[in-house]
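**Q** Please read through the structure below; I'll follow up with questions.
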Amino acid sequence: MQAGRADAAAQSGQVQVGQYTNEAIAGQELRLLRQHPQPVAGSSSLASPGAWLSLTHFGIPLLLVRQEDGQVQAFLNVCRHRGARVVPEGSGSQARAFVCPYHAWTYRPDGALRCVPASFGFPCLKQEESGLRKLATVERAGTVWVVLDPALSASDPGAHLGALMDNLESLAGLRAPVAYAPRSYEVDANWKLLIDGAFEAYHFKVAHRKTIAHMFVDNMQVVDEFDLHRRLYLIKAKFSEDKPEVSGFDPRRYGNLTYFFFPNTTVLVQPDHAQLGSLEPLGPTRTRVHELTLIPEAPTSDKAKAHWEANVALYRRTLQEDYALAESIQAGLASGANAALTFGTFEYSAPRFHSQLQQQLAALRPAS
Ligand code: FES
Ligand SMILES: [Fe+2]
């Protein structure tokens, strides 16, 4: 800021257009994303032991159940007999047994197979090995994170989220926040175009001039890396006005923190709440965005409700500006105007993400 301009010593870079349009790459990326913890629901939607939630995430039928020990366990919501969806989409608070609608194989809340009608017809069935398939599950920052690939059921998603998650949870109100205003919607753009936009502040002054540009220092962002994850700090204009002291410095007062969990989740930390967004590729040119607002406690008054609604509305309006631009980029990609997209030095975080992603894809274990 003293130099009056963003870091020019960083690496600029290019990303080939095919990275955003190729069907095979999109398929590989989806496999990779299923191997990384995905935020699938707010912890607060499973209040106490016995609470359950049946949903579809990344095209996979899931069943989440809060167990007697208080931990949430995710299962593949797929019958071990002939594969029917066991529990229809919905939620409840008193799980006793889950009965498959096809032939009534019955599972306990802990996933174990309890009852097989006319079991004499399955002489070889090992009932104790035929419970619902478990998925690696952890609750962090008020959110249930699941590794969707059942081959990785023994993995530790908490370790994967690493020191960046510890840091996020250390912020006031983000240890166990309440999930508010969940929503999912689709955008006509490759998911990585939406990530690119989160990794630079170069566009703020222009693309966000009607919404939030006035609140921030132009084209200035601090990036800290935590393995493949990163934390981005967007500095507010009042930082240069107040010139706050180093000791006792409150980062949330002087900027927005974006916590990026590789490869597809961001948590935007505002002074009194956070916005989680995770991206589900539906193909090379279409993305489903899953959004969750994390607030300190459920609103109990109209005033509190209005406060959160206003925050959610501004967030969505700002994102709409980003996503409309991503859609315009996607629409032009196939035109042949550019063989590659070009990123400046202060946009280095985006091409760096692409090369890290390509490394991870190259190391992807073969499909089973
Ligand atoms: S498919 Fe579930 S009981 Fe047959
Ligand atoms: Fe933006």
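Here, A, B, ... name the chains of the structure tokens in the order displayed, residue numbers run from 1 inside each chain, and ligands are numbered from 1 in the same displayed order.
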May I ask you to write as a list of chain:residue names all residues lying at most 7 Å from ligand 2, with only C-alpha atoms and all ligand atoms counted?

**A**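 Based on only C-alpha atoms and all ligand atoms, ligand 2 is surrounded within 7 Å by A:Gly197, A:Ala198, A:His203, A:Phe204, A:Ala207, A:His208, A:Thr318, A:Leu319, A:Glu321, A:Asp322.
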
**Q** Given a cut-off of 7 Å, what residues near ligand 1 show up using only C-alpha atoms and all ligand atoms, put as a PDB file with N, CA and C atoms, in the first residue's frame?

**A**
ATOM      1  N   CYS A  79     -29.305 -48.742  -1.168  1.00  0.00           N
ATOM      2  CA  CYS A  79     -29.556 -50.041  -0.556  1.00  0.00           C
ATOM      3  C   CYS A  79     -28.518 -51.058  -1.011  1.00  0.00           C
ATOM      4  N   ARG A  80     -28.076 -51.911  -0.068  1.00  0.00           N
ATOM      5  CA  ARG A  80     -27.068 -52.913  -0.372  1.00  0.00           C
ATOM      6  C   ARG A  80     -27.681 -54.145  -1.038  1.00  0.00           C
ATOM      7  N   HIS A  81     -29.003 -54.180  -1.181  1.00  0.00           N
ATOM      8  CA  HIS A  81     -29.649 -55.287  -1.896  1.00  0.00           C
ATOM      9  C   HIS A  81     -29.544 -55.054  -3.392  1.00  0.00           C
ATOM     10  N   ARG A  82     -30.440 -54.240  -3.935  1.00  0.00           N
ATOM     11  CA  ARG A  82     -30.358 -53.992  -5.366  1.00  0.00           C
ATOM     12  C   ARG A  82     -30.298 -52.518  -5.684  1.00  0.00           C
ATOM     13  N   GLY A  83     -29.854 -51.734  -4.709  1.00  0.00           N
ATOM     14  CA  GLY A  83     -29.407 -50.384  -5.019  1.00  0.00           C
ATOM     15  C   GLY A  83     -30.438 -49.280  -4.995  1.00  0.00           C
ATOM     16  N   ALA A  84     -31.643 -49.532  -4.491  1.00  0.00           N
ATOM     17  CA  ALA A  84     -32.632 -48.448  -4.457  1.00  0.00           C
ATOM     18  C   ALA A  84     -32.202 -47.379  -3.452  1.00  0.00           C
ATOM     19  N   VAL A  86     -32.614 -45.536  -0.294  1.00  0.00           N
ATOM     20  CA  VAL A  86     -33.283 -46.028   0.917  1.00  0.00           C
ATOM     21  C   VAL A  86     -34.227 -44.975   1.496  1.00  0.00           C
ATOM     22  N   CYS A 100     -35.918 -49.701   3.312  1.00  0.00           N
ATOM     23  CA  CYS A 100     -35.860 -49.511   1.867  1.00  0.00           C
ATOM     24  C   CYS A 100     -37.256 -49.711   1.260  1.00  0.00           C
ATOM     25  N   PRO A 101     -37.658 -48.814   0.370  1.00  0.00           N
ATOM     26  CA  PRO A 101     -39.019 -48.890  -0.174  1.00  0.00           C
ATOM     27  C   PRO A 101     -39.210 -50.030  -1.182  1.00  0.00           C
ATOM     28  N   TYR A 102     -38.121 -50.740  -1.541  1.00  0.00           N
ATOM     29  CA  TYR A 102     -38.264 -51.765  -2.584  1.00  0.00           C
ATOM     30  C   TYR A 102     -38.632 -53.123  -1.977  1.00  0.00           C
ATOM     31  N   HIS A 103     -37.768 -53.661  -1.080  1.00  0.00           N
ATOM     32  CA  HIS A 103     -38.060 -54.965  -0.482  1.00  0.00           C
ATOM     33  C   HIS A 103     -37.927 -54.945   1.040  1.00  0.00           C
ATOM     34  N   ALA A 104     -37.874 -53.725   1.583  1.00  0.00           N
ATOM     35  CA  ALA A 104     -37.897 -53.514   3.039  1.00  0.00           C
ATOM     36  C   ALA A 104     -36.674 -54.023   3.792  1.00  0.00           C
ATOM     37  N   TRP A 105     -35.521 -54.088   3.142  1.00  0.00           N
ATOM     38  CA  TRP A 105     -34.308 -54.260   3.939  1.00  0.00           C
ATOM     39  C   TRP A 105     -34.246 -53.039   4.876  1.00  0.00           C
TER      40      TRP A 105
END

**Q** DSSP on the backbone: which residues in region 197-310 of chain A end up as alpha helix (DSSP H)? Give the answer as JSON, numbers by chain.

**A** {"A": [197, 198, 204, 205, 206, 207, 237, 238, 239, 240, 241, 242, 302, 303, 304, 305, 306, 307, 308, 309, 310]}

**Q** Where does DSSP see strand (DSSP E) in region 300-343 of chain A, if you list the residues as number ranges by chain?

**A** A: 340-343

**Q** Write out, as a Markdown table, each residue of region 290-317 of chain A that has an atom at most 12 Å from region 177-180 of chain A, together with the closest pair of atoms and their distance in Å to one decimal, counting only C-alpha atoms, rows going by chain and rising number.

**A**
| residue | atom | partner | partner_atom | distance |
| --- | --- | --- | --- | --- |
| A:Glu291 | CA | A:Tyr180 | CA | 9.5 |
| A:Leu292 | CA | A:Ala179 | CA | 6.2 |
| A:Thr293 | CA | A:Tyr180 | CA | 4.9 |
| A:Leu294 | CA | A:Ala179 | CA | 4.8 |
| A:Ile295 | CA | A:Val178 | CA | 5.3 |
| A:Pro296 | CA | A:Pro177 | CA | 4.8 |
| A:Glu297 | CA | A:Val178 | CA | 5.5 |
| A:Ala298 | CA | A:Val178 | CA | 6.2 |
| A:Pro299 | CA | A:Tyr180 | CA | 9.2 |
| A:Lys305 | CA | A:Tyr180 | CA | 10.2 |
| A:Trp308 | CA | A:Tyr180 | CA | 8.7 |
| A:Glu309 | CA | A:Tyr180 | CA | 9.6 |
| A:Asn311 | CA | A:Tyr180 | CA | 11.4 |
| A:Val312 | CA | A:Tyr180 | CA | 9.4 |

**Q** Could you please take those selected residues and save N, CA and C atoms as a PDB file, in the first residue's frame?

**A**
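Result saved to selection_2.pdb:
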ATOM      1  N   GLU A 291     -24.679 -22.600  -1.514  1.00  0.00           N
ATOM      2  CA  GLU A 291     -24.393 -21.431  -0.695  1.00  0.00           C
ATOM      3  C   GLU A 291     -25.001 -21.600   0.692  1.00  0.00           C
ATOM      4  N   LEU A 292     -24.260 -21.169   1.712  1.00  0.00           N
ATOM      5  CA  LEU A 292     -24.700 -21.292   3.099  1.00  0.00           C
ATOM      6  C   LEU A 292     -24.208 -20.048   3.833  1.00  0.00           C
ATOM      7  N   THR A 293     -25.077 -19.394   4.578  1.00  0.00           N
ATOM      8  CA  THR A 293     -24.640 -18.268   5.398  1.00  0.00           C
ATOM      9  C   THR A 293     -24.432 -18.769   6.814  1.00  0.00           C
ATOM     10  N   LEU A 294     -23.279 -18.449   7.389  1.00  0.00           N
ATOM     11  CA  LEU A 294     -22.957 -18.922   8.742  1.00  0.00           C
ATOM     12  C   LEU A 294     -23.061 -17.744   9.702  1.00  0.00           C
ATOM     13  N   ILE A 295     -24.027 -17.815  10.630  1.00  0.00           N
ATOM     14  CA  ILE A 295     -24.264 -16.713  11.559  1.00  0.00           C
ATOM     15  C   ILE A 295     -24.109 -17.219  12.993  1.00  0.00           C
ATOM     16  N   PRO A 296     -23.820 -16.296  13.944  1.00  0.00           N
ATOM     17  CA  PRO A 296     -23.500 -16.744  15.313  1.00  0.00           C
ATOM     18  C   PRO A 296     -24.645 -17.499  15.989  1.00  0.00           C
ATOM     19  N   GLU A 297     -25.897 -17.043  15.795  1.00  0.00           N
ATOM     20  CA  GLU A 297     -27.029 -17.766  16.383  1.00  0.00           C
ATOM     21  C   GLU A 297     -28.264 -17.509  15.539  1.00  0.00           C
ATOM     22  N   ALA A 298     -29.225 -18.407  15.649  1.00  0.00           N
ATOM     23  CA  ALA A 298     -30.452 -18.259  14.857  1.00  0.00           C
ATOM     24  C   ALA A 298     -31.134 -16.950  15.241  1.00  0.00           C
ATOM     25  N   PRO A 299     -31.635 -16.184  14.260  1.00  0.00           N
ATOM     26  CA  PRO A 299     -32.244 -14.888  14.581  1.00  0.00           C
ATOM     27  C   PRO A 299     -33.525 -15.078  15.403  1.00  0.00           C
ATOM     28  N   LYS A 305     -33.371 -10.707  11.906  1.00  0.00           N
ATOM     29  CA  LYS A 305     -33.670 -11.336  10.628  1.00  0.00           C
ATOM     30  C   LYS A 305     -33.394 -10.376   9.474  1.00  0.00           C
ATOM     31  N   TRP A 308     -29.659  -9.999   8.756  1.00  0.00           N
ATOM     32  CA  TRP A 308     -29.045 -11.094   7.999  1.00  0.00           C
ATOM     33  C   TRP A 308     -29.548 -11.117   6.561  1.00  0.00           C
ATOM     34  N   GLU A 309     -30.847 -10.836   6.396  1.00  0.00           N
ATOM     35  CA  GLU A 309     -31.401 -10.811   5.032  1.00  0.00           C
ATOM     36  C   GLU A 309     -30.681  -9.771   4.176  1.00  0.00           C
ATOM     37  N   ASN A 311     -27.654  -8.631   4.553  1.00  0.00           N
ATOM     38  CA  ASN A 311     -26.299  -9.110   4.258  1.00  0.00           C
ATOM     39  C   ASN A 311     -26.300 -10.159   3.156  1.00  0.00           C
ATOM     40  N   VAL A 312     -27.247 -11.088   3.244  1.00  0.00           N
ATOM     41  CA  VAL A 312     -27.335 -12.139   2.237  1.00  0.00           C
ATOM     42  C   VAL A 312     -27.640 -11.512   0.867  1.00  0.00           C
TER      43      VAL A 312
END

**Q** Env of Thr56 (chain A): 12 Å cut, atoms = only C-alpha atoms, seq-sep filter 2 positions within chain, self excluded. Answer as a count of residues only.

**A** 25
